[in-house]
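S.K.: My structure is stored as entry.txt, with compact mmCIF, C-alpha atoms.
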# COMPACT_ATOMS: atom_id res chain seq x y z
CA MET A 1 135.94 125.04 104.92
CA ARG A 2 134.24 121.84 106.04
CA MET A 3 131.05 123.78 106.77
CA LYS A 4 131.14 125.44 103.33
CA PHE A 5 131.56 122.06 101.65
CA ALA A 6 128.67 120.63 103.66
CA LEU A 7 126.41 123.52 102.64
CA ILE A 8 127.32 123.17 98.97
CA SER A 9 126.67 119.43 99.17
CA PHE A 10 123.34 120.01 100.91
CA PHE A 11 122.05 122.53 98.35
CA LEU A 12 123.28 120.41 95.43
CA THR A 13 121.44 117.41 96.81
CA LEU A 14 118.35 119.53 97.42
CA PHE A 15 118.49 120.84 93.84
CA LEU A 16 118.73 117.34 92.39
CA VAL A 17 115.88 116.05 94.54
CA VAL A 18 113.61 118.98 93.68
CA PHE A 19 114.51 118.91 90.01
CA SER A 20 113.96 115.18 89.75
CA GLN A 21 110.33 115.51 90.79
CA LYS A 22 107.85 114.51 88.10
CA TYR A 23 105.30 116.95 86.78
CA ASN A 24 102.60 117.03 89.44
CA ASN A 25 98.86 116.61 88.98
CA LEU A 26 99.04 115.10 85.49
CA ALA A 27 97.24 111.94 86.67
CA PRO A 28 94.99 112.83 89.62
CA THR A 29 92.88 109.82 88.63
CA PRO A 30 94.01 106.66 86.80
CA PRO A 31 94.81 107.48 83.15
CA MET A 32 92.30 106.28 80.56
CA GLY A 33 93.14 105.62 76.93
CA TRP A 34 94.21 103.06 74.34
CA ASN A 35 97.47 101.29 73.48
CA SER A 36 98.39 99.46 70.30
CA TRP A 37 100.32 96.46 71.64
CA ASN A 38 97.72 93.93 72.81
CA LYS A 39 95.89 93.81 69.50
CA PHE A 40 98.41 94.91 66.89
CA SER A 41 101.88 94.22 68.30
CA CYS A 42 104.22 95.63 65.63
CA ALA A 43 101.57 95.85 62.89
CA ILE A 44 101.03 99.60 63.29
CA ASP A 45 101.23 102.61 60.98
CA GLU A 46 99.99 106.17 60.94
CA LYS A 47 96.81 105.30 59.00
CA SER A 48 95.63 102.73 61.54
CA ILE A 49 96.48 104.96 64.51
CA ARG A 50 94.53 107.86 62.99
CA GLU A 51 91.58 105.55 62.45
CA ILE A 52 91.76 104.43 66.07
CA ALA A 53 91.66 108.07 67.18
CA ASP A 54 88.64 108.65 64.95
CA ALA A 55 86.94 105.58 66.45
CA MET A 56 87.63 106.69 70.02
CA VAL A 57 85.69 109.87 69.34
CA ALA A 58 82.91 108.37 67.18
CA SER A 59 82.25 105.43 69.50
CA GLY A 60 81.64 107.56 72.57
CA MET A 61 84.78 106.40 74.37
CA LYS A 62 86.19 109.93 74.46
CA ALA A 63 82.93 111.14 75.99
CA ALA A 64 83.23 108.33 78.57
CA GLY A 65 86.66 109.63 79.70
CA TYR A 66 89.25 107.93 77.47
CA GLU A 67 91.81 110.43 76.22
CA TYR A 68 95.21 108.88 75.39
CA ILE A 69 96.10 107.29 72.05
CA ASN A 70 99.38 105.50 72.78
CA ILE A 71 101.56 103.81 70.17
CA ASP A 72 103.68 101.04 71.64
CA ASP A 73 106.82 99.37 70.27
CA CYS A 74 107.90 99.33 66.60
CA TRP A 75 107.34 102.97 65.60
CA GLN A 76 111.08 103.74 65.74
CA GLY A 77 113.40 104.15 62.78
CA GLU A 78 117.11 104.90 63.02
CA ARG A 79 118.89 107.64 64.93
CA ASP A 80 120.14 110.57 62.89
CA SER A 81 123.75 111.76 62.73
CA LEU A 82 123.32 113.68 66.01
CA GLY A 83 121.75 110.74 67.82
CA PHE A 84 118.13 111.92 67.74
CA ILE A 85 115.49 109.25 67.23
CA THR A 86 113.43 109.22 64.04
CA ALA A 87 110.26 107.39 63.08
CA ASP A 88 110.04 104.38 60.78
CA ARG A 89 109.67 106.07 57.39
CA LEU A 90 107.54 103.32 55.90
CA LYS A 91 105.08 103.13 58.78
CA PHE A 92 104.98 106.84 59.68
CA SER A 93 105.88 108.71 56.52
CA SER A 94 104.27 111.95 57.73
CA GLY A 95 106.27 111.88 60.94
CA ILE A 96 105.31 111.60 64.59
CA LYS A 97 104.55 115.28 65.07
CA ALA A 98 101.96 115.21 62.30
CA LEU A 99 100.34 112.20 63.97
CA ALA A 100 100.35 113.92 67.36
CA ASP A 101 98.83 117.03 65.81
CA TYR A 102 96.05 114.95 64.25
CA ILE A 103 95.27 113.30 67.59
CA HIS A 104 95.35 116.62 69.44
CA ALA A 105 92.93 118.09 66.91
CA LYS A 106 90.47 115.38 67.96
CA GLY A 107 90.63 116.64 71.55
CA LEU A 108 92.74 113.63 72.55
CA LYS A 109 96.27 113.18 73.88
CA PHE A 110 99.18 111.33 72.31
CA GLY A 111 101.44 108.74 73.89
CA ILE A 112 104.61 107.02 72.76
CA TYR A 113 106.85 104.12 73.81
CA SER A 114 110.52 103.56 74.48
CA CYS A 115 112.73 101.30 76.56
CA ALA A 116 115.43 101.77 79.18
CA GLY A 117 117.70 99.34 77.33
CA ASP A 118 119.76 99.87 74.21
CA LYS A 119 117.09 98.00 72.24
CA THR A 120 113.35 97.82 72.78
CA CYS A 121 111.59 94.52 73.37
CA ALA A 122 110.99 94.24 69.61
CA GLY A 123 114.60 95.13 68.78
CA ARG A 124 114.14 98.78 67.80
CA ALA A 125 116.35 101.61 69.06
CA GLY A 126 116.07 102.00 72.84
CA SER A 127 116.80 105.07 74.95
CA ARG A 128 119.86 103.89 76.90
CA GLY A 129 122.39 106.73 76.71
CA TYR A 130 119.97 108.91 74.74
CA GLU A 131 117.41 109.71 77.44
CA TYR A 132 117.81 113.50 77.27
CA GLN A 133 117.82 113.60 73.47
CA ASP A 134 114.71 111.42 73.32
CA ALA A 135 112.91 113.55 75.90
CA ILE A 136 113.70 116.68 73.86
CA MET A 137 112.29 115.03 70.74
CA TYR A 138 109.13 113.85 72.55
CA ALA A 139 108.53 117.41 73.76
CA LYS A 140 109.10 118.75 70.24
CA TRP A 141 106.61 116.28 68.80
CA GLY A 142 103.93 117.08 71.39
CA VAL A 143 103.97 113.79 73.30
CA ASP A 144 101.70 113.64 76.38
CA PHE A 145 102.46 110.12 77.72
CA LEU A 146 105.55 107.92 77.75
CA LYS A 147 105.55 104.18 78.44
CA PHE A 148 109.12 103.17 79.31
CA ASP A 149 109.87 99.44 79.09
CA TRP A 150 112.68 97.26 80.53
CA CYS A 151 114.13 94.99 77.81
CA ASN A 152 117.85 94.65 76.99
CA THR A 153 118.93 96.33 80.22
CA SER A 154 122.03 94.35 81.16
CA ASN A 155 123.91 95.89 84.12
CA LEU A 156 121.37 98.69 84.51
CA ASN A 157 119.88 99.63 87.86
CA ALA A 158 116.10 100.03 87.47
CA GLN A 159 115.68 102.87 89.93
CA GLY A 160 118.57 104.80 88.44
CA ALA A 161 117.50 104.22 84.85
CA TYR A 162 113.95 105.41 85.45
CA GLN A 163 115.19 108.36 87.49
CA THR A 164 117.34 109.42 84.54
CA MET A 165 114.40 109.41 82.13
CA SER A 166 112.18 111.16 84.65
CA GLU A 167 114.74 113.96 84.99
CA ALA A 168 115.14 114.11 81.20
CA LEU A 169 111.40 114.57 80.74
CA LYS A 170 111.32 117.33 83.33
CA ARG A 171 114.24 119.16 81.72
CA ALA A 172 112.61 118.90 78.28
CA GLY A 173 109.93 121.21 79.62
CA ARG A 174 106.74 119.53 78.42
CA PRO A 175 104.37 117.91 80.95
CA ILE A 176 104.39 114.20 80.04
CA VAL A 177 102.77 111.40 82.03
CA PHE A 178 105.54 108.91 82.82
CA SER A 179 104.60 105.22 82.89
CA THR A 180 107.36 102.85 84.03
CA CYS A 181 107.19 99.23 82.91
CA GLU A 182 109.79 96.98 84.54
CA TRP A 183 107.14 94.34 85.37
CA GLY A 184 107.35 94.70 89.14
CA LYS A 185 110.72 92.98 89.30
CA ASN A 186 112.29 95.66 91.50
CA LYS A 187 109.21 96.63 93.54
CA PRO A 188 108.73 100.01 91.81
CA TRP A 189 105.82 100.87 94.09
CA GLN A 190 108.40 101.45 96.82
CA TRP A 191 110.47 104.05 94.96
CA SER A 192 108.60 105.40 91.93
CA LYS A 193 106.13 107.92 93.33
CA ASN A 194 108.45 110.93 92.95
CA MET A 195 109.52 110.04 89.41
CA ALA A 196 106.55 108.35 87.73
CA HIS A 197 102.77 108.67 87.58
CA LEU A 198 102.14 104.93 87.20
CA TRP A 199 104.21 101.77 87.37
CA ARG A 200 103.58 98.25 86.19
CA THR A 201 103.22 95.79 89.04
CA THR A 202 103.43 92.55 87.02
CA GLY A 203 104.62 90.97 83.81
CA ASP A 204 102.55 91.36 80.66
CA ILE A 205 98.90 90.41 80.55
CA THR A 206 97.66 87.77 78.09
CA ASN A 207 94.20 87.31 76.61
CA CYS A 208 93.09 84.76 79.19
CA PHE A 209 91.10 84.89 82.41
CA ASP A 210 92.94 82.24 84.43
CA CYS A 211 96.25 81.02 83.03
CA VAL A 212 100.00 81.52 82.81
CA ASP A 213 101.61 81.35 79.35
CA GLU A 214 105.21 80.19 79.60
CA HIS A 215 106.19 81.17 76.01
CA GLY A 216 108.54 78.23 75.71
CA GLY A 217 110.32 79.10 78.94
CA LYS A 218 111.53 82.47 77.60
CA PHE A 219 109.17 84.63 79.65
CA LYS A 220 105.71 84.49 81.20
CA THR A 221 102.49 86.35 80.56
CA TYR A 222 99.57 86.25 82.95
CA GLY A 223 95.80 85.96 82.98
CA VAL A 224 93.38 88.31 84.69
CA LEU A 225 93.18 86.37 87.96
CA GLN A 226 96.94 85.92 88.20
CA ILE A 227 97.51 89.67 87.86
CA LEU A 228 94.78 90.42 90.38
CA ASP A 229 96.40 88.08 92.90
CA MET A 230 99.75 89.86 92.47
CA GLN A 231 98.26 93.10 93.84
CA GLN A 232 98.21 91.82 97.41
CA GLY A 233 99.82 94.35 99.75
CA LEU A 234 100.09 97.13 97.15
CA ARG A 235 97.00 99.28 97.77
CA ASN A 236 98.76 101.54 100.25
CA TYR A 237 101.11 102.73 97.48
CA ALA A 238 98.38 103.92 95.09
CA GLY A 239 96.64 107.28 95.05
CA PRO A 240 96.30 110.50 93.06
CA ASN A 241 99.23 110.87 90.63
CA GLN A 242 100.74 107.51 91.67
CA TRP A 243 99.02 104.38 90.38
CA ASN A 244 99.62 100.64 90.46
CA ASP A 245 99.33 99.64 86.80
CA MET A 246 97.88 96.15 86.26
CA ASP A 247 98.62 96.36 82.51
CA MET A 248 96.42 97.09 79.55
CA LEU A 249 92.91 95.76 79.12
CA GLU A 250 92.10 92.65 77.06
CA VAL A 251 88.40 93.54 76.80
CA GLY A 252 87.26 92.91 73.22
CA ASN A 253 90.08 90.50 72.37
CA GLY A 254 88.30 87.16 72.74
CA MET A 255 87.47 86.29 76.34
CA SER A 256 83.88 85.38 77.20
CA LEU A 257 81.43 88.17 78.01
CA ASN A 258 81.42 87.18 81.69
CA GLU A 259 85.21 87.17 81.85
CA GLN A 260 85.51 90.54 80.15
CA ARG A 261 82.95 92.03 82.52
CA ALA A 262 84.85 90.68 85.54
CA HIS A 263 88.19 91.84 84.09
CA PHE A 264 87.02 95.41 83.58
CA THR A 265 85.26 95.52 86.95
CA MET A 266 88.30 94.45 88.93
CA TRP A 267 90.60 96.90 87.12
CA CYS A 268 88.12 99.63 88.10
CA MET A 269 87.89 98.41 91.70
CA MET A 270 91.69 98.35 92.02
CA SER A 271 92.12 101.89 90.63
CA SER A 272 94.28 100.59 87.80
CA PRO A 273 94.72 102.74 84.69
CA LEU A 274 92.12 101.87 82.04
CA ILE A 275 94.10 101.49 78.82
CA ALA A 276 92.05 99.64 76.21
CA GLY A 277 93.92 97.18 74.00
CA ASN A 278 91.35 96.15 71.39
CA ASP A 279 90.58 97.33 67.85
CA LEU A 280 88.28 100.28 68.49
CA ARG A 281 87.28 100.35 64.81
CA ASN A 282 85.58 96.95 64.93
CA MET A 283 84.32 96.36 68.45
CA SER A 284 80.97 94.79 69.27
CA ASN A 285 78.19 96.56 71.13
CA GLU A 286 78.91 94.28 74.10
CA THR A 287 82.55 95.33 74.18
CA LEU A 288 81.66 99.01 73.92
CA LYS A 289 79.09 98.65 76.69
CA ILE A 290 81.74 97.19 79.00
CA LEU A 291 84.39 99.80 78.20
CA THR A 292 81.98 102.71 78.66
CA ASN A 293 80.11 101.57 81.77
CA LYS A 294 79.59 104.95 83.45
CA GLU A 295 79.06 103.64 86.97
CA LEU A 296 82.23 101.55 86.90
CA ILE A 297 84.29 104.33 85.34
CA SER A 298 83.13 106.65 88.11
CA ILE A 299 84.30 104.05 90.63
CA ASN A 300 87.70 103.87 88.93
CA GLN A 301 87.97 107.65 88.60
CA ASP A 302 86.79 108.43 92.13
CA SER A 303 88.65 111.44 93.53
CA LEU A 304 89.82 109.59 96.67
CA GLY A 305 91.97 107.28 94.55
CA ILE A 306 91.73 104.38 96.99
CA SER A 307 92.09 100.79 95.74
CA ALA A 308 89.79 98.00 96.86
CA PHE A 309 90.70 95.39 99.45
CA LYS A 310 89.63 91.75 99.65
CA PHE A 311 87.19 91.38 102.52
CA GLU A 312 86.62 87.63 102.40
CA CYS A 313 86.41 84.56 100.15
CA THR A 314 83.68 81.94 100.47
CA ASP A 315 83.21 78.99 98.11
CA SER A 316 85.42 80.62 95.43
CA VAL A 317 83.49 83.89 95.62
CA GLU A 318 85.63 86.83 96.70
CA THR A 319 84.19 89.99 98.24
CA TRP A 320 86.06 93.20 97.43
CA ILE A 321 85.35 96.59 99.03
CA LYS A 322 86.42 100.04 97.83
CA PRO A 323 85.89 103.31 99.75
CA LEU A 324 84.62 106.17 97.59
CA SER A 325 84.16 109.90 98.03
CA LYS A 326 81.00 111.37 99.63
CA ASP A 327 80.85 108.38 101.99
CA ASP A 328 79.96 106.04 99.11
CA TRP A 329 81.27 102.49 98.84
CA ALA A 330 81.69 99.89 96.09
CA ILE A 331 81.24 96.22 96.97
CA CYS A 332 82.05 93.58 94.38
CA PHE A 333 81.50 89.81 94.39
CA LEU A 334 83.87 87.93 92.06
CA ASN A 335 83.13 84.30 91.19
CA ARG A 336 86.51 82.74 90.39
CA SER A 337 85.13 79.24 89.89
CA ALA A 338 83.96 77.41 86.78
CA LYS A 339 80.53 76.91 88.33
CA ILE A 340 77.57 79.14 89.08
CA ARG A 341 77.35 80.25 92.71
CA LEU A 342 74.54 81.53 94.88
CA VAL A 343 75.41 84.87 96.46
CA ALA A 344 73.30 85.79 99.49
CA VAL A 345 74.13 89.30 100.68
CA ASP A 346 73.36 90.10 104.30
CA TRP A 347 74.11 93.80 104.21
CA LYS A 348 74.28 94.12 107.97
CA ARG A 349 77.41 91.97 107.97
CA PHE A 350 79.25 94.92 106.47
CA ASN A 351 80.26 96.61 109.67
CA LEU A 352 83.92 97.44 109.23
CA THR A 353 86.72 100.00 109.25
CA ASP A 354 89.16 100.22 106.35
CA SER A 355 92.59 99.87 107.97
CA LEU A 356 94.25 102.05 105.31
CA THR A 357 91.92 105.05 105.48
CA ASN A 358 90.08 104.54 108.79
CA ARG A 359 86.83 105.07 106.90
CA GLU A 360 83.90 103.22 108.46
CA LEU A 361 81.18 101.27 106.67
CA LYS A 362 78.34 100.72 109.12
CA ILE A 363 75.17 99.19 107.68
CA SER A 364 72.30 98.80 110.10
CA SER A 365 68.57 99.44 110.39
CA SER A 366 69.36 103.07 111.20
CA SER A 367 72.24 103.44 108.73
CA VAL A 368 70.76 102.64 105.34
CA TYR A 369 72.44 102.76 101.92
CA LYS A 370 70.76 102.79 98.54
CA PHE A 371 72.50 100.50 96.07
CA THR A 372 72.90 100.25 92.29
CA GLU A 373 74.24 97.08 90.67
CA VAL A 374 76.54 98.42 87.96
CA TRP A 375 75.77 95.72 85.35
CA GLU A 376 72.01 96.03 85.91
CA GLN A 377 71.70 92.36 86.78
CA ILE A 378 69.82 93.31 89.97
CA LYS A 379 67.27 96.09 90.35
CA GLU A 380 68.09 99.10 92.49
CA GLY A 381 67.30 98.74 96.16
CA ASP A 382 68.58 99.52 99.62
CA THR A 383 70.29 97.69 102.43
CA ARG A 384 67.20 97.24 104.62
CA LYS A 385 66.57 93.91 102.85
CA ASN A 386 69.03 91.16 102.09
CA THR A 387 69.91 90.54 98.43
CA CYS A 388 70.20 87.15 96.75
CA ALA A 389 71.34 86.26 93.22
CA PHE A 390 72.95 83.50 91.19
CA LEU A 391 76.40 84.57 90.04
CA PRO A 392 77.62 82.93 86.80
CA SER A 393 81.07 81.45 86.45
CA ARG A 394 83.88 84.00 86.14
CA ASP A 395 81.50 86.90 86.53
CA VAL A 396 80.83 89.69 89.01
CA LEU A 397 78.11 91.44 90.92
CA CYS A 398 79.21 94.96 91.75
CA PHE A 399 77.24 97.39 93.86
CA ARG A 400 77.66 101.11 94.45
CA LEU A 401 76.26 102.11 97.85
CA ARG A 402 75.10 105.66 98.55
CA LYS A 403 74.12 106.80 102.03
CA GLN A 404 70.44 107.69 102.39
Represent the supplied structure as structure tokens.

M.R.:
Amino acid sequence: MRMKFALISFFLTLFLVVFSQKYNNLAPTPPMGWNSWNKFSCAIDEKSIREIADAMVASGMKAAGYEYINIDDCWQGERDSLGFITADRLKFSSGIKALADYIHAKGLKFGIYSCAGDKTCAGRAGSRGYEYQDAIMYAKWGVDFLKFDWCNTSNLNAQGAYQTMSEALKRAGRPIVFSTCEWGKNKPWQWSKNMAHLWRTTGDITNCFDCVDEHGGKFKTYGVLQILDMQQGLRNYAGPNQWNDMDMLEVGNGMSLNEQRAHFTMWCMMSSPLIAGNDLRNMSNETLKILTNKELISINQDSLGISAFKFECTDSVETWIKPLSKDDWAICFLNRSAKIRLVAVDWKRFNLTDSLTNRELKISSSSVYKFTEVWEQIKEGDTRKNTCAFLPSRDVLCFRLRKQ
């Protein structure tokens, strides 16, 4: 009898573990798309979201690899008599499925937002206690991506709450990328890989390169450098279908050109998802050039899925190195200071082994790499000669090295 009970318990546990697995291979590289929150907050409706989808195609962002149009908080209306979520009738009078169909017709994918608590961060209906009903509705509407936030979650266990929604999505039967967003409070990188495709590692980003906004002591939002610093020790958790999410991009929302260039570069170097947060309908040529930089996107989307590591820091200039497929490497110099710095690159100093992957970078007179500087601030060359350049404040030099 004891043996029979043990076998039943074993197979039940095995069933739950297997069934709780996320849909595999939905995010072999970091997801690329757009989200409404950074620019619009709650000021969204179906007309503006359709226009954003149109702009993603017309601007060339779709061709560059962006595919998700994600609406964030404030789309929700009330729950119906059976407990199923509905859309805000004033903002989305045609319904969410009609919006998803429109986006799909553009060759794009559609994402939506909810929260593990009983209310979302903006006070709309959350998913607590309704996870399975919400997942069924998302599948019915044709949702491809779910961002799941962490407001109003008193007495909830983060791991359990996200596991519940992960299982609900799997049971609903539609492959949906699952993005958890509990701000890194419970170290989701340690337990999320079997339930989610990406997880936020920090609190919310703010439109600032180097600052912390206290919001009157209620909560904190963080600048680009602060979020970058919080990634220390996390690169070993990232890889295909499991990504450290450094939050949405603030490119195009008001930082200086140098700062935006550095922001986008470091998100690419760290293999973070690239989710734009600006108004795609009214972006400048400079903003579009940053967001569609082909060389940097290829670094972000590299099939190895390995995040960069900080090699050294000298006079406020950090050197970051990222292994790439086909024995390529990316090397980035980030000037954190408010002053211009001289960067003298002695390529032969780069004689190292990445401790995570055991991949070797050996630059010598007999092991020569051709390089491309991704922002075209330096002409193409190779590692037989040292490289020297002035690096402006809060800017980057980023090289892709290819073995000759």

S.K.: Which polymer residues have any atom within 8 Å of an atom of A:Thr221, counting all atoms listed in the file, with same-chain residues fewer than 4 positions away left out, as a list in words?

M.R.: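 Once the adjacent positions are removed, what remains is Gly203, Asp204, Ile205, Thr206, Val212, Asp213, Glu214 and His215 of chain A.
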
S.K.: Give me a file of those residues, with C-alpha atoms, as a tab-separated table (two decimals), keeping the file's coordinate frame.

M.R.:
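Result file follows (part.tsv):
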chain	number	residue	atom	x	y	z
A	203	GLY	CA	104.62	90.97	83.81
A	204	ASP	CA	102.55	91.36	80.66
A	205	ILE	CA	98.90	90.41	80.55
A	206	THR	CA	97.66	87.77	78.09
A	212	VAL	CA	100.00	81.52	82.81
A	213	ASP	CA	101.61	81.35	79.35
A	214	GLU	CA	105.21	80.19	79.60
A	215	HIS	CA	106.19	81.17	76.01

S.K.: Tell me which of A:Cys121, A:Val317, A:Leu198, A:Val396 sits closest to A:Ala27, counting all atoms listed in the file.

M.R.: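 Using all atoms listed in the file, A:Ala27 sits closest to A:Leu198.
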
S.K.: Return the single residue from A:Ser364, A:Ser93, A:Asn285, A:Ser307 that is closest to A:Gln404, with distances computed using only C-alpha atoms.

M.R.: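 When distances to A:Gln404 are compared using only C-alpha atoms, the smallest one comes from A:Ser364.
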
S.K.: Give me the residues near stretch 103-119 of chain A as an MDAnalysis selection string, where near means some atom within 6 Å (using all atoms listed in the file) and where sequence neighbours in that chain fewer than 3 positions away do not count.

M.R.: chainID A and resid 67:73 100 123:128 143:153

S.K.: From the list A:Ala139, A:His197, A:Glu376, A:Gln76, which residue is nearest A:Lys294 when using all atoms listed in the file?

M.R.: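 Smallest separation from A:Lys294 among the options: A:Glu376.
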
S.K.: Find the residues near stretch 349-360 of chain A: any atom within 12 Å, counting all atoms listed in the file, skip ones fewer than 4 places away on the same chain, and give them as a PyMOL selection string.

M.R.: chain A and resi 233-239+304-312+319-331+344-345+364-365+367-369+383-384+386+401

S.K.: Measuring atom to atom with only C-alpha atoms, identify which of A:Met137, A:Leu26, A:Ile52, A:Cys208 is nearest to A:Tyr102.

M.R.: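 Comparing A:Met137, A:Leu26, A:Ile52, A:Cys208 against A:Tyr102, the winner is A:Ile52.
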
S.K.: Using all atoms listed in the file, find each residue in stretch 285-363 of chain A having at least one atom no more than 9 Å away from stretch 241-261 of chain A; report its shortest atom-to-atom pair and that distance in Å (one decimal), rows by chain then rising number, as a Markdown table.

M.R.:
| residue | atom | partner | partner_atom | distance |
| --- | --- | --- | --- | --- |
| A:Glu286 | CA | A:Leu257 | CA | 7.7 |
| A:Thr287 | CA | A:Gly252 | CA | 5.4 |
| A:Leu288 | CA | A:Gly252 | CA | 8.3 |
| A:Ile290 | CA | A:Arg261 | CA | 6.4 |
| A:Leu291 | CA | A:Val251 | CA | 7.6 |
| A:Gly305 | CA | A:Trp243 | CA | 8.7 |

S.K.: Excluding stretch 183-190 of chain A and any residue of its chain fewer than 6 positions from it, enumerate the residues within 6 Å of it, using only C-alpha atoms, and give them as a ChimeraX atom specification.

M.R.: /A:200-203

S.K.: Closest to A:His263 among A:Asp395, A:Glu131, A:Glu318, A:Glu51, using only C-alpha atoms?

M.R.: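 The shortest atom-to-atom distance to A:His263 comes from A:Asp395.
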
S.K.: Near stretch 340-343 of chain A, counting only C-alpha atoms, which residues have an atom at most 8 Å away, once you skip same-chain residues fewer than 4 positions from it, shown as a list in words?

M.R.: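 That gives Val317, Asn335, Cys388, Ala389, Phe390, Leu391, Pro392 and Ser393 of chain A.
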
S.K.: Using the selection just defined, write its residues with C-alpha atoms as a CSV table (one decimal), in the frame of the given file.

M.R.:
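Listed below is the output, result15.csv:
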chain,number,residue,atom,x,y,z
A,317,VAL,CA,83.5,83.9,95.6
A,335,ASN,CA,83.1,84.3,91.2
A,388,CYS,CA,70.2,87.2,96.8
A,389,ALA,CA,71.3,86.3,93.2
A,390,PHE,CA,73.0,83.5,91.2
A,391,LEU,CA,76.4,84.6,90.0
A,392,PRO,CA,77.6,82.9,86.8
A,393,SER,CA,81.1,81.4,86.4

S.K.: Quick one: pull the distance between atom CA of A:Ala161 and atom CA of A:Ile44, Å, one decimal.

M.R.: 27.5 Å

S.K.: Separation of atom CA of A:Met230 and atom CA of A:Lys289, in Å?

M.R.: 27.4 Å

S.K.: Could you please give me, as a VMD selection string, the residues of protein, DNA or RNA lying at most 7 Å from (105.7, 93.0, 65.9) in the coordinate frame of the file, considering only C-alpha atoms?

M.R.: chain A and resid 41 to 43 74 122
